[in-house]
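Structure file query_21.cif (mmCIF, N, CA and C atoms) is printed below.
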data_run
#
loop_
_atom_site.label_atom_id
_atom_site.label_comp_id
_atom_site.auth_asym_id
_atom_site.auth_seq_id
_atom_site.Cartn_x
_atom_site.Cartn_y
_atom_site.Cartn_z
N MET A 1 -9.03 -8.71 -8.38
CA MET A 1 -8.13 -7.93 -7.54
C MET A 1 -8.89 -7.52 -6.28
N LYS A 2 -8.26 -7.76 -5.14
CA LYS A 2 -8.87 -7.41 -3.87
C LYS A 2 -7.84 -6.64 -3.04
N ALA A 3 -8.26 -5.48 -2.56
CA ALA A 3 -7.36 -4.59 -1.82
C ALA A 3 -7.68 -4.60 -0.33
N ILE A 4 -6.68 -4.22 0.45
CA ILE A 4 -6.87 -4.00 1.87
C ILE A 4 -6.35 -2.60 2.20
N ILE A 5 -7.18 -1.83 2.88
CA ILE A 5 -6.78 -0.52 3.38
C ILE A 5 -6.39 -0.72 4.84
N VAL A 6 -5.20 -0.25 5.20
CA VAL A 6 -4.76 -0.33 6.59
C VAL A 6 -4.41 1.08 7.06
N SER A 7 -5.24 1.60 7.95
CA SER A 7 -5.00 2.91 8.54
C SER A 7 -5.90 3.06 9.76
N ARG A 8 -5.40 3.71 10.78
CA ARG A 8 -6.23 3.96 11.96
C ARG A 8 -6.96 5.29 11.86
N HIS A 9 -6.69 6.05 10.78
CA HIS A 9 -7.30 7.37 10.60
C HIS A 9 -8.51 7.28 9.68
N LYS A 10 -9.65 7.72 10.17
CA LYS A 10 -10.91 7.66 9.41
C LYS A 10 -10.82 8.41 8.08
N SER A 11 -10.22 9.60 8.08
CA SER A 11 -10.15 10.37 6.83
C SER A 11 -9.25 9.68 5.80
N THR A 12 -8.20 9.00 6.23
CA THR A 12 -7.35 8.24 5.31
C THR A 12 -8.13 7.06 4.76
N GLN A 13 -8.87 6.38 5.62
CA GLN A 13 -9.72 5.27 5.17
C GLN A 13 -10.73 5.76 4.15
N ASP A 14 -11.36 6.91 4.41
CA ASP A 14 -12.35 7.47 3.49
C ASP A 14 -11.73 7.80 2.14
N LEU A 15 -10.59 8.48 2.17
CA LEU A 15 -9.91 8.87 0.92
C LEU A 15 -9.55 7.65 0.08
N LEU A 16 -8.94 6.65 0.70
CA LEU A 16 -8.54 5.45 -0.04
C LEU A 16 -9.75 4.64 -0.51
N SER A 17 -10.82 4.63 0.28
CA SER A 17 -12.06 3.95 -0.13
C SER A 17 -12.64 4.58 -1.39
N ILE A 18 -12.66 5.89 -1.43
CA ILE A 18 -13.17 6.61 -2.61
C ILE A 18 -12.35 6.27 -3.84
N ILE A 19 -11.04 6.26 -3.69
CA ILE A 19 -10.15 5.94 -4.82
C ILE A 19 -10.39 4.52 -5.32
N LEU A 20 -10.52 3.57 -4.40
CA LEU A 20 -10.73 2.18 -4.81
C LEU A 20 -12.10 1.97 -5.44
N ARG A 21 -13.14 2.59 -4.88
CA ARG A 21 -14.48 2.48 -5.48
C ARG A 21 -14.49 3.06 -6.89
N ARG A 22 -13.85 4.19 -7.05
CA ARG A 22 -13.79 4.86 -8.36
C ARG A 22 -13.11 3.97 -9.40
N ASN A 23 -12.24 3.08 -8.95
CA ASN A 23 -11.53 2.18 -9.86
C ASN A 23 -12.14 0.78 -9.90
N GLY A 24 -13.29 0.60 -9.24
CA GLY A 24 -13.99 -0.68 -9.28
C GLY A 24 -13.24 -1.81 -8.60
N ILE A 25 -12.49 -1.49 -7.56
CA ILE A 25 -11.69 -2.50 -6.86
C ILE A 25 -12.35 -2.84 -5.53
N GLN A 26 -12.58 -4.14 -5.30
CA GLN A 26 -13.13 -4.59 -4.03
C GLN A 26 -12.09 -4.39 -2.93
N PHE A 27 -12.55 -4.08 -1.73
CA PHE A 27 -11.60 -3.84 -0.65
C PHE A 27 -12.23 -4.07 0.71
N GLU A 28 -11.36 -4.21 1.69
CA GLU A 28 -11.74 -4.26 3.09
C GLU A 28 -10.87 -3.24 3.82
N VAL A 29 -11.30 -2.85 5.02
CA VAL A 29 -10.58 -1.85 5.80
C VAL A 29 -10.24 -2.44 7.17
N LEU A 30 -8.98 -2.29 7.54
CA LEU A 30 -8.54 -2.66 8.89
C LEU A 30 -7.81 -1.47 9.49
N ASP A 31 -7.95 -1.28 10.79
CA ASP A 31 -7.24 -0.17 11.40
C ASP A 31 -5.86 -0.57 11.90
N HIS A 32 -5.58 -1.88 11.94
CA HIS A 32 -4.28 -2.36 12.41
C HIS A 32 -4.05 -3.79 11.93
N VAL A 33 -2.81 -4.09 11.61
CA VAL A 33 -2.42 -5.46 11.27
C VAL A 33 -1.12 -5.76 12.01
N SER A 34 -1.08 -6.88 12.72
CA SER A 34 0.15 -7.25 13.42
C SER A 34 0.77 -8.53 12.87
N ASP A 35 0.04 -9.24 12.02
CA ASP A 35 0.54 -10.49 11.44
C ASP A 35 0.50 -10.38 9.91
N PRO A 36 1.66 -10.47 9.24
CA PRO A 36 1.66 -10.33 7.77
C PRO A 36 0.83 -11.38 7.04
N GLU A 37 0.58 -12.54 7.65
CA GLU A 37 -0.22 -13.57 7.00
C GLU A 37 -1.66 -13.12 6.78
N VAL A 38 -2.15 -12.20 7.61
CA VAL A 38 -3.49 -11.64 7.44
C VAL A 38 -3.61 -10.97 6.07
N LEU A 39 -2.51 -10.41 5.59
CA LEU A 39 -2.50 -9.66 4.33
C LEU A 39 -2.50 -10.56 3.10
N ASP A 40 -2.11 -11.81 3.25
CA ASP A 40 -1.85 -12.68 2.11
C ASP A 40 -3.07 -13.00 1.25
N GLN A 41 -4.27 -12.74 1.75
CA GLN A 41 -5.49 -13.00 0.96
C GLN A 41 -5.82 -11.85 0.00
N TYR A 42 -5.03 -10.78 0.05
CA TYR A 42 -5.27 -9.60 -0.78
C TYR A 42 -4.22 -9.49 -1.88
N THR A 43 -4.50 -8.62 -2.86
CA THR A 43 -3.58 -8.41 -3.97
C THR A 43 -2.74 -7.16 -3.79
N ILE A 44 -3.30 -6.18 -3.08
CA ILE A 44 -2.62 -4.91 -2.90
C ILE A 44 -2.99 -4.31 -1.54
N ILE A 45 -2.02 -3.67 -0.92
CA ILE A 45 -2.22 -2.97 0.35
C ILE A 45 -2.19 -1.47 0.06
N LEU A 46 -3.08 -0.72 0.67
CA LEU A 46 -3.04 0.74 0.62
C LEU A 46 -3.13 1.26 2.04
N GLY A 47 -2.37 2.29 2.34
CA GLY A 47 -2.42 2.89 3.67
C GLY A 47 -1.05 2.98 4.29
N ASN A 48 -0.96 2.54 5.53
CA ASN A 48 0.29 2.63 6.25
C ASN A 48 0.53 1.38 7.08
N ILE A 49 1.54 0.63 6.69
CA ILE A 49 2.00 -0.51 7.47
C ILE A 49 3.53 -0.44 7.50
N PRO A 50 4.16 -1.11 8.45
CA PRO A 50 5.62 -1.15 8.40
C PRO A 50 6.09 -1.80 7.09
N LEU A 51 7.08 -1.24 6.47
CA LEU A 51 7.59 -1.78 5.21
C LEU A 51 8.05 -3.23 5.38
N SER A 52 8.60 -3.56 6.54
CA SER A 52 9.04 -4.93 6.78
C SER A 52 7.86 -5.91 6.75
N MET A 53 6.67 -5.46 7.14
CA MET A 53 5.50 -6.34 7.09
C MET A 53 5.11 -6.63 5.64
N PHE A 54 5.16 -5.60 4.79
CA PHE A 54 4.90 -5.81 3.36
C PHE A 54 5.92 -6.79 2.78
N LEU A 55 7.18 -6.62 3.13
CA LEU A 55 8.23 -7.48 2.60
C LEU A 55 8.06 -8.92 3.05
N ARG A 56 7.52 -9.16 4.23
CA ARG A 56 7.30 -10.52 4.73
C ARG A 56 6.01 -11.13 4.21
N SER A 57 5.11 -10.32 3.68
CA SER A 57 3.84 -10.84 3.16
C SER A 57 4.06 -11.42 1.76
N LYS A 58 3.02 -12.06 1.24
CA LYS A 58 3.07 -12.62 -0.11
C LYS A 58 2.49 -11.66 -1.15
N ILE A 59 2.08 -10.48 -0.69
CA ILE A 59 1.47 -9.49 -1.60
C ILE A 59 2.53 -8.84 -2.46
N GLY A 60 2.18 -8.57 -3.72
CA GLY A 60 3.14 -7.98 -4.65
C GLY A 60 3.14 -6.47 -4.70
N PHE A 61 2.06 -5.82 -4.19
CA PHE A 61 1.95 -4.37 -4.32
C PHE A 61 1.54 -3.72 -3.01
N TYR A 62 2.12 -2.55 -2.76
CA TYR A 62 1.79 -1.76 -1.57
C TYR A 62 1.84 -0.29 -1.97
N VAL A 63 0.78 0.45 -1.64
CA VAL A 63 0.76 1.89 -1.86
C VAL A 63 0.69 2.56 -0.49
N ALA A 64 1.78 3.22 -0.14
CA ALA A 64 1.83 3.95 1.13
C ALA A 64 1.33 5.37 0.88
N ILE A 65 0.58 5.89 1.83
CA ILE A 65 0.15 7.28 1.73
C ILE A 65 1.06 8.08 2.66
N SER A 66 1.71 9.06 2.06
CA SER A 66 2.64 9.92 2.80
C SER A 66 2.02 11.30 2.90
N LEU A 67 1.92 11.82 4.11
CA LEU A 67 1.24 13.10 4.33
C LEU A 67 2.23 14.16 4.79
N THR A 68 2.23 15.28 4.10
CA THR A 68 3.03 16.43 4.49
C THR A 68 2.04 17.51 4.94
N ILE A 69 1.68 17.43 6.20
CA ILE A 69 0.65 18.31 6.75
C ILE A 69 1.32 19.49 7.44
N PRO A 70 0.87 20.71 7.15
CA PRO A 70 1.45 21.89 7.80
C PRO A 70 1.35 21.80 9.33
N LYS A 71 2.33 22.37 9.99
CA LYS A 71 2.41 22.31 11.44
C LYS A 71 1.11 22.76 12.12
N GLU A 72 0.51 23.83 11.61
CA GLU A 72 -0.71 24.36 12.25
C GLU A 72 -1.91 23.44 12.14
N LEU A 73 -1.87 22.45 11.22
CA LEU A 73 -2.99 21.52 11.06
C LEU A 73 -2.74 20.17 11.73
N ARG A 74 -1.53 19.93 12.21
CA ARG A 74 -1.22 18.65 12.84
C ARG A 74 -2.03 18.46 14.11
N GLY A 75 -2.49 17.24 14.30
CA GLY A 75 -3.29 16.93 15.49
C GLY A 75 -4.76 17.20 15.31
N LYS A 76 -5.13 17.82 14.17
CA LYS A 76 -6.54 18.09 13.88
C LYS A 76 -7.05 17.02 12.93
N GLU A 77 -8.31 16.69 13.08
CA GLU A 77 -8.91 15.71 12.17
C GLU A 77 -9.28 16.40 10.87
N LEU A 78 -8.66 15.99 9.78
CA LEU A 78 -8.92 16.57 8.48
C LEU A 78 -9.89 15.69 7.71
N GLY A 79 -10.75 16.29 6.93
CA GLY A 79 -11.62 15.53 6.04
C GLY A 79 -10.83 14.99 4.87
N TYR A 80 -11.39 14.02 4.15
CA TYR A 80 -10.65 13.40 3.07
C TYR A 80 -10.28 14.37 1.95
N LYS A 81 -11.14 15.37 1.68
CA LYS A 81 -10.82 16.35 0.63
C LYS A 81 -9.63 17.20 1.01
N GLU A 82 -9.58 17.61 2.27
CA GLU A 82 -8.44 18.40 2.73
C GLU A 82 -7.18 17.53 2.80
N LEU A 83 -7.36 16.29 3.22
CA LEU A 83 -6.24 15.36 3.30
C LEU A 83 -5.58 15.15 1.94
N LEU A 84 -6.38 15.09 0.90
CA LEU A 84 -5.86 14.88 -0.45
C LEU A 84 -4.88 15.98 -0.86
N LYS A 85 -5.06 17.20 -0.35
CA LYS A 85 -4.15 18.31 -0.67
C LYS A 85 -2.72 18.02 -0.20
N TYR A 86 -2.59 17.23 0.86
CA TYR A 86 -1.29 17.00 1.48
C TYR A 86 -0.76 15.59 1.26
N ALA A 87 -1.48 14.80 0.48
CA ALA A 87 -1.12 13.39 0.29
C ALA A 87 -0.22 13.17 -0.92
N GLU A 88 0.72 12.28 -0.74
CA GLU A 88 1.51 11.73 -1.84
C GLU A 88 1.45 10.22 -1.70
N PHE A 89 1.47 9.55 -2.83
CA PHE A 89 1.40 8.10 -2.83
C PHE A 89 2.74 7.52 -3.28
N VAL A 90 3.22 6.55 -2.53
CA VAL A 90 4.47 5.86 -2.86
C VAL A 90 4.12 4.40 -3.10
N GLY A 91 4.42 3.91 -4.29
CA GLY A 91 4.09 2.54 -4.66
C GLY A 91 5.29 1.63 -4.58
N PHE A 92 5.06 0.41 -4.12
CA PHE A 92 6.09 -0.61 -4.05
C PHE A 92 5.60 -1.83 -4.82
N LYS A 93 6.45 -2.38 -5.68
CA LYS A 93 6.13 -3.60 -6.43
C LYS A 93 7.25 -4.60 -6.21
N LYS A 94 6.90 -5.72 -5.58
CA LYS A 94 7.89 -6.78 -5.37
C LYS A 94 8.11 -7.51 -6.69
N ASN A 95 9.37 -7.70 -7.03
CA ASN A 95 9.68 -8.45 -8.24
C ASN A 95 10.05 -9.89 -7.92
N ILE A 96 10.91 -10.07 -6.94
CA ILE A 96 11.37 -11.41 -6.60
C ILE A 96 11.90 -11.41 -5.17
N VAL A 97 11.79 -12.55 -4.52
CA VAL A 97 12.32 -12.71 -3.17
C VAL A 97 13.35 -13.84 -3.21
N PHE A 98 14.54 -13.54 -2.75
CA PHE A 98 15.59 -14.55 -2.64
C PHE A 98 15.72 -14.91 -1.16
N SER A 99 15.22 -16.07 -0.76
CA SER A 99 15.28 -16.42 0.66
C SER A 99 16.61 -17.03 1.06
N ASP A 100 17.34 -17.60 0.12
CA ASP A 100 18.60 -18.24 0.47
C ASP A 100 19.82 -17.52 -0.10
N TRP A 101 19.63 -16.34 -0.64
CA TRP A 101 20.73 -15.64 -1.28
C TRP A 101 21.70 -15.03 -0.28
N ALA A 102 21.18 -14.36 0.73
CA ALA A 102 22.02 -13.63 1.68
C ALA A 102 22.52 -14.56 2.78
N PRO A 103 23.73 -14.31 3.26
CA PRO A 103 24.20 -15.09 4.42
C PRO A 103 23.24 -14.92 5.59
N ARG A 104 22.94 -15.99 6.28
CA ARG A 104 21.94 -15.98 7.36
C ARG A 104 22.24 -14.95 8.43
N GLU A 105 23.52 -14.70 8.71
CA GLU A 105 23.84 -13.72 9.75
C GLU A 105 23.59 -12.29 9.28
N MET A 106 23.38 -12.11 7.97
CA MET A 106 23.18 -10.76 7.44
C MET A 106 21.71 -10.41 7.26
N ALA A 107 20.93 -11.33 6.70
CA ALA A 107 19.54 -11.00 6.38
C ALA A 107 18.69 -12.26 6.34
N LYS A 108 17.39 -12.08 6.60
CA LYS A 108 16.45 -13.20 6.49
C LYS A 108 16.13 -13.49 5.04
N ALA A 109 16.10 -12.44 4.23
CA ALA A 109 15.78 -12.58 2.81
C ALA A 109 16.20 -11.32 2.09
N VAL A 110 16.32 -11.44 0.79
CA VAL A 110 16.60 -10.28 -0.05
C VAL A 110 15.40 -10.12 -0.97
N VAL A 111 14.84 -8.92 -1.01
CA VAL A 111 13.67 -8.65 -1.83
C VAL A 111 14.05 -7.61 -2.88
N ASP A 112 13.82 -7.95 -4.13
CA ASP A 112 14.03 -7.00 -5.22
C ASP A 112 12.69 -6.32 -5.47
N ALA A 113 12.66 -4.99 -5.38
CA ALA A 113 11.40 -4.28 -5.53
C ALA A 113 11.61 -2.97 -6.27
N GLU A 114 10.55 -2.51 -6.90
CA GLU A 114 10.55 -1.19 -7.54
C GLU A 114 9.78 -0.25 -6.63
N ILE A 115 10.21 1.00 -6.60
CA ILE A 115 9.54 2.02 -5.79
C ILE A 115 9.13 3.16 -6.73
N PHE A 116 7.89 3.61 -6.61
CA PHE A 116 7.35 4.65 -7.47
C PHE A 116 6.83 5.81 -6.64
N LEU A 117 7.16 7.03 -7.03
CA LEU A 117 6.47 8.19 -6.50
C LEU A 117 5.33 8.43 -7.47
N ILE A 118 4.11 8.16 -7.04
CA ILE A 118 2.96 8.08 -7.93
C ILE A 118 2.37 9.47 -8.17
N ASP A 119 2.28 9.85 -9.44
CA ASP A 119 1.64 11.11 -9.82
C ASP A 119 0.13 10.93 -9.99
N ASN A 120 -0.27 9.77 -10.51
CA ASN A 120 -1.67 9.52 -10.82
C ASN A 120 -2.06 8.17 -10.22
N ILE A 121 -2.71 8.19 -9.07
CA ILE A 121 -3.06 6.96 -8.37
C ILE A 121 -4.01 6.08 -9.19
N ASP A 122 -4.91 6.69 -9.95
CA ASP A 122 -5.84 5.90 -10.77
C ASP A 122 -5.10 5.15 -11.86
N ALA A 123 -4.16 5.81 -12.53
CA ALA A 123 -3.36 5.16 -13.57
C ALA A 123 -2.51 4.04 -12.98
N PHE A 124 -1.96 4.27 -11.79
CA PHE A 124 -1.15 3.24 -11.14
C PHE A 124 -2.00 2.01 -10.83
N LEU A 125 -3.20 2.21 -10.28
CA LEU A 125 -4.07 1.08 -9.96
C LEU A 125 -4.52 0.34 -11.21
N LYS A 126 -4.77 1.06 -12.29
CA LYS A 126 -5.13 0.41 -13.56
C LYS A 126 -3.98 -0.47 -14.06
N GLN A 127 -2.75 0.02 -13.91
CA GLN A 127 -1.57 -0.75 -14.32
C GLN A 127 -1.42 -2.01 -13.45
N VAL A 128 -1.63 -1.87 -12.16
CA VAL A 128 -1.56 -3.03 -11.26
C VAL A 128 -2.62 -4.05 -11.64
N LYS A 129 -3.83 -3.58 -11.87
CA LYS A 129 -4.93 -4.47 -12.28
C LYS A 129 -4.57 -5.21 -13.57
N TRP A 130 -4.01 -4.50 -14.53
CA TRP A 130 -3.62 -5.10 -15.81
C TRP A 130 -2.53 -6.15 -15.59
N LEU A 131 -1.52 -5.85 -14.78
CA LEU A 131 -0.45 -6.81 -14.51
C LEU A 131 -0.99 -8.08 -13.87
N ILE A 132 -1.92 -7.91 -12.94
CA ILE A 132 -2.52 -9.06 -12.27
C ILE A 132 -3.36 -9.88 -13.25
N ASP A 133 -4.18 -9.20 -14.06
CA ASP A 133 -5.01 -9.89 -15.05
C ASP A 133 -4.17 -10.64 -16.07
N MET A 134 -3.01 -10.09 -16.40
CA MET A 134 -2.10 -10.74 -17.37
C MET A 134 -1.34 -11.90 -16.75
N GLY A 135 -1.42 -12.03 -15.42
CA GLY A 135 -0.73 -13.11 -14.73
C GLY A 135 0.76 -12.88 -14.59
N SER A 136 1.20 -11.63 -14.76
CA SER A 136 2.63 -11.38 -14.69
C SER A 136 3.10 -11.06 -13.28
N VAL A 137 2.21 -11.22 -12.31
CA VAL A 137 2.59 -10.99 -10.91
C VAL A 137 2.24 -12.21 -10.10
#
Since I need it in another form, could you write the structure as structure tokens?
Amino acid sequence: MKAIIVSRHKSTQDLLSIILRRNGIQFEVLDHVSDPEVLDQYTIILGNIPLSMFLRSKIGFYVAISLTIPKELRGKELGYKELLKYAEFVGFKKNIVFSDWAPREMAKAVVDAEIFLIDNIDAFLKQVKWLIDMGSV
């Protein structure tokens, strides 16, 4: 399993790096991605990318970090420990892509996916690792 962290914020990169190291997952960090094909060499994305980019990639898993930062702290650089107080993780798992299902004038493709509000990021990553090892993704 190989992960990619995508975020332009150093503290977000640090937080996600710590989580991945703690789970023994190899990873690389990019501050920006503009071509979904760049992502295809990885198994899971963590950070923040447009959802449409995840849907166009061949990757099966994406964990978005959603931050609810109080107004008085916005615009300030927070350390990863402080950032964790305001972070929620939203997981996406692609199940199947139907490229010819939808009428062409309506959509490029239809993607069936599950969305998770993650309570325990470590447990979620262990489950993803297990699914990949079992070959069910």
Decode the PyMOL selection byres ((chain A and resi 87) around 8) for the given file into explicit residues and return them as a tab-separated table (two decimals) with N, CA and C atoms, in the coordinates of the input.
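Listed below is the output, selection_35.tsv:
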chain	number	residue	atom	x	y	z
A	65	ILE	N	0.58	5.89	1.83
A	65	ILE	CA	0.15	7.28	1.73
A	65	ILE	C	1.06	8.08	2.66
A	66	SER	N	1.71	9.06	2.06
A	66	SER	CA	2.64	9.92	2.80
A	66	SER	C	2.02	11.30	2.90
A	67	LEU	N	1.92	11.82	4.11
A	67	LEU	CA	1.24	13.10	4.33
A	67	LEU	C	2.23	14.16	4.79
A	68	THR	N	2.23	15.28	4.10
A	68	THR	CA	3.03	16.43	4.49
A	68	THR	C	2.04	17.51	4.94
A	69	ILE	N	1.68	17.43	6.20
A	69	ILE	CA	0.65	18.31	6.75
A	69	ILE	C	1.32	19.49	7.44
A	82	GLU	N	-9.58	17.61	2.27
A	82	GLU	CA	-8.44	18.40	2.73
A	82	GLU	C	-7.18	17.53	2.80
A	83	LEU	N	-7.36	16.29	3.22
A	83	LEU	CA	-6.24	15.36	3.30
A	83	LEU	C	-5.58	15.15	1.94
A	84	LEU	N	-6.38	15.09	0.90
A	84	LEU	CA	-5.86	14.88	-0.45
A	84	LEU	C	-4.88	15.98	-0.86
A	85	LYS	N	-5.06	17.20	-0.35
A	85	LYS	CA	-4.15	18.31	-0.67
A	85	LYS	C	-2.72	18.02	-0.20
A	86	TYR	N	-2.59	17.23	0.86
A	86	TYR	CA	-1.29	17.00	1.48
A	86	TYR	C	-0.76	15.59	1.26
A	88	GLU	N	0.72	12.28	-0.74
A	88	GLU	CA	1.51	11.73	-1.84
A	88	GLU	C	1.45	10.22	-1.70
A	89	PHE	N	1.47	9.55	-2.83
A	89	PHE	CA	1.40	8.10	-2.83
A	89	PHE	C	2.74	7.52	-3.28
A	90	VAL	N	3.22	6.55	-2.53
A	90	VAL	CA	4.47	5.86	-2.86
A	90	VAL	C	4.12	4.40	-3.10
- Query: In Å, how far is it from atom N of Asp133 in chain A to atom N of Val63 in chain A?
  - Reply: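 Pair atom N of Asp133 in chain A / atom N of Val63 in chain A returns 16.5 Å.
Between atom C of Glu28 in chain A and atom C of Ile121 in chain A lies a distance of 17.4 Å.
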Draw an axis-aligned box over all listed atoms of range 58-62 of chain A, pad each side with 6 Å, and write its centre and edge lengths in Å, one decimal, as lines of an AutoDock Vina configuration file.
center_x = 2.3
center_y = -6.5
center_z = -1.7
size_x = 13.7
size_y = 24.3
size_z = 17.9
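Here the question is which of A:Val111, A:Arg21, A:Leu131, A:Lys58 gets nearest to Ile45 in chain A using only C-alpha atoms, and that residue is A:Lys58.
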- Query: Among range 65-95 of chain A, which residues carry a DSSP assignment of alpha helix (DSSP H), reported as a VMD selection string?
  - Reply: chain A and resid 80 to 86
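Going from CA of Phe116 in chain A to atom C of Gly91 in chain A covers 4.7 Å.
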- Quick one: which residues end up in the PyMOL selection byres (((chain A and resi 22-26 and name CA) around 9) and name CA) for this structure, as a ChimeraX atom specification? /A:1-4,17-21,27-28,122,125-126,129
- Could you tell me, as a list in words, which residues of range 40-70 of chain A DSSP assigns to strand (DSSP E or B) when given the backbone?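 So the strand (DSSP E or B) residues in range 40-70 of chain A would be Ile44, Ile45, Leu46, Gly47, Phe61, Tyr62, Val63, Ala64, Ile65, Ser66 and Leu67 of chain A.
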Could the residues in this selection be saved with N, CA and C atoms as a PDB file, keeping the file's coordinate frame?
ATOM      1  N   ILE A  44      -3.300  -6.180  -3.080  1.00  0.00           N
ATOM      2  CA  ILE A  44      -2.620  -4.910  -2.900  1.00  0.00           C
ATOM      3  C   ILE A  44      -2.990  -4.310  -1.540  1.00  0.00           C
ATOM      4  N   ILE A  45      -2.020  -3.670  -0.920  1.00  0.00           N
ATOM      5  CA  ILE A  45      -2.220  -2.970   0.350  1.00  0.00           C
ATOM      6  C   ILE A  45      -2.190  -1.470   0.060  1.00  0.00           C
ATOM      7  N   LEU A  46      -3.080  -0.720   0.670  1.00  0.00           N
ATOM      8  CA  LEU A  46      -3.040   0.740   0.620  1.00  0.00           C
ATOM      9  C   LEU A  46      -3.130   1.260   2.040  1.00  0.00           C
ATOM     10  N   GLY A  47      -2.370   2.290   2.340  1.00  0.00           N
ATOM     11  CA  GLY A  47      -2.420   2.890   3.670  1.00  0.00           C
ATOM     12  C   GLY A  47      -1.050   2.980   4.290  1.00  0.00           C
ATOM     13  N   PHE A  61       2.060  -5.820  -4.190  1.00  0.00           N
ATOM     14  CA  PHE A  61       1.950  -4.370  -4.320  1.00  0.00           C
ATOM     15  C   PHE A  61       1.540  -3.720  -3.010  1.00  0.00           C
ATOM     16  N   TYR A  62       2.120  -2.550  -2.760  1.00  0.00           N
ATOM     17  CA  TYR A  62       1.790  -1.760  -1.570  1.00  0.00           C
ATOM     18  C   TYR A  62       1.840  -0.290  -1.970  1.00  0.00           C
ATOM     19  N   VAL A  63       0.780   0.450  -1.640  1.00  0.00           N
ATOM     20  CA  VAL A  63       0.760   1.890  -1.860  1.00  0.00           C
ATOM     21  C   VAL A  63       0.690   2.560  -0.490  1.00  0.00           C
ATOM     22  N   ALA A  64       1.780   3.220  -0.140  1.00  0.00           N
ATOM     23  CA  ALA A  64       1.830   3.950   1.130  1.00  0.00           C
ATOM     24  C   ALA A  64       1.330   5.370   0.880  1.00  0.00           C
ATOM     25  N   ILE A  65       0.580   5.890   1.830  1.00  0.00           N
ATOM     26  CA  ILE A  65       0.150   7.280   1.730  1.00  0.00           C
ATOM     27  C   ILE A  65       1.060   8.080   2.660  1.00  0.00           C
ATOM     28  N   SER A  66       1.710   9.060   2.060  1.00  0.00           N
ATOM     29  CA  SER A  66       2.640   9.920   2.800  1.00  0.00           C
ATOM     30  C   SER A  66       2.020  11.300   2.900  1.00  0.00           C
ATOM     31  N   LEU A  67       1.920  11.820   4.110  1.00  0.00           N
ATOM     32  CA  LEU A  67       1.240  13.100   4.330  1.00  0.00           C
ATOM     33  C   LEU A  67       2.230  14.160   4.790  1.00  0.00           C
TER      34      LEU A  67
END
- Message: Please list as a PyMOL selection string every residue within 10 Å of Val29 in chain A, counting only C-alpha atoms and excluding residues in the same chain fewer than 6 positions away.
- Response: chain A and resi 3-8+13-14+16-17+46-47
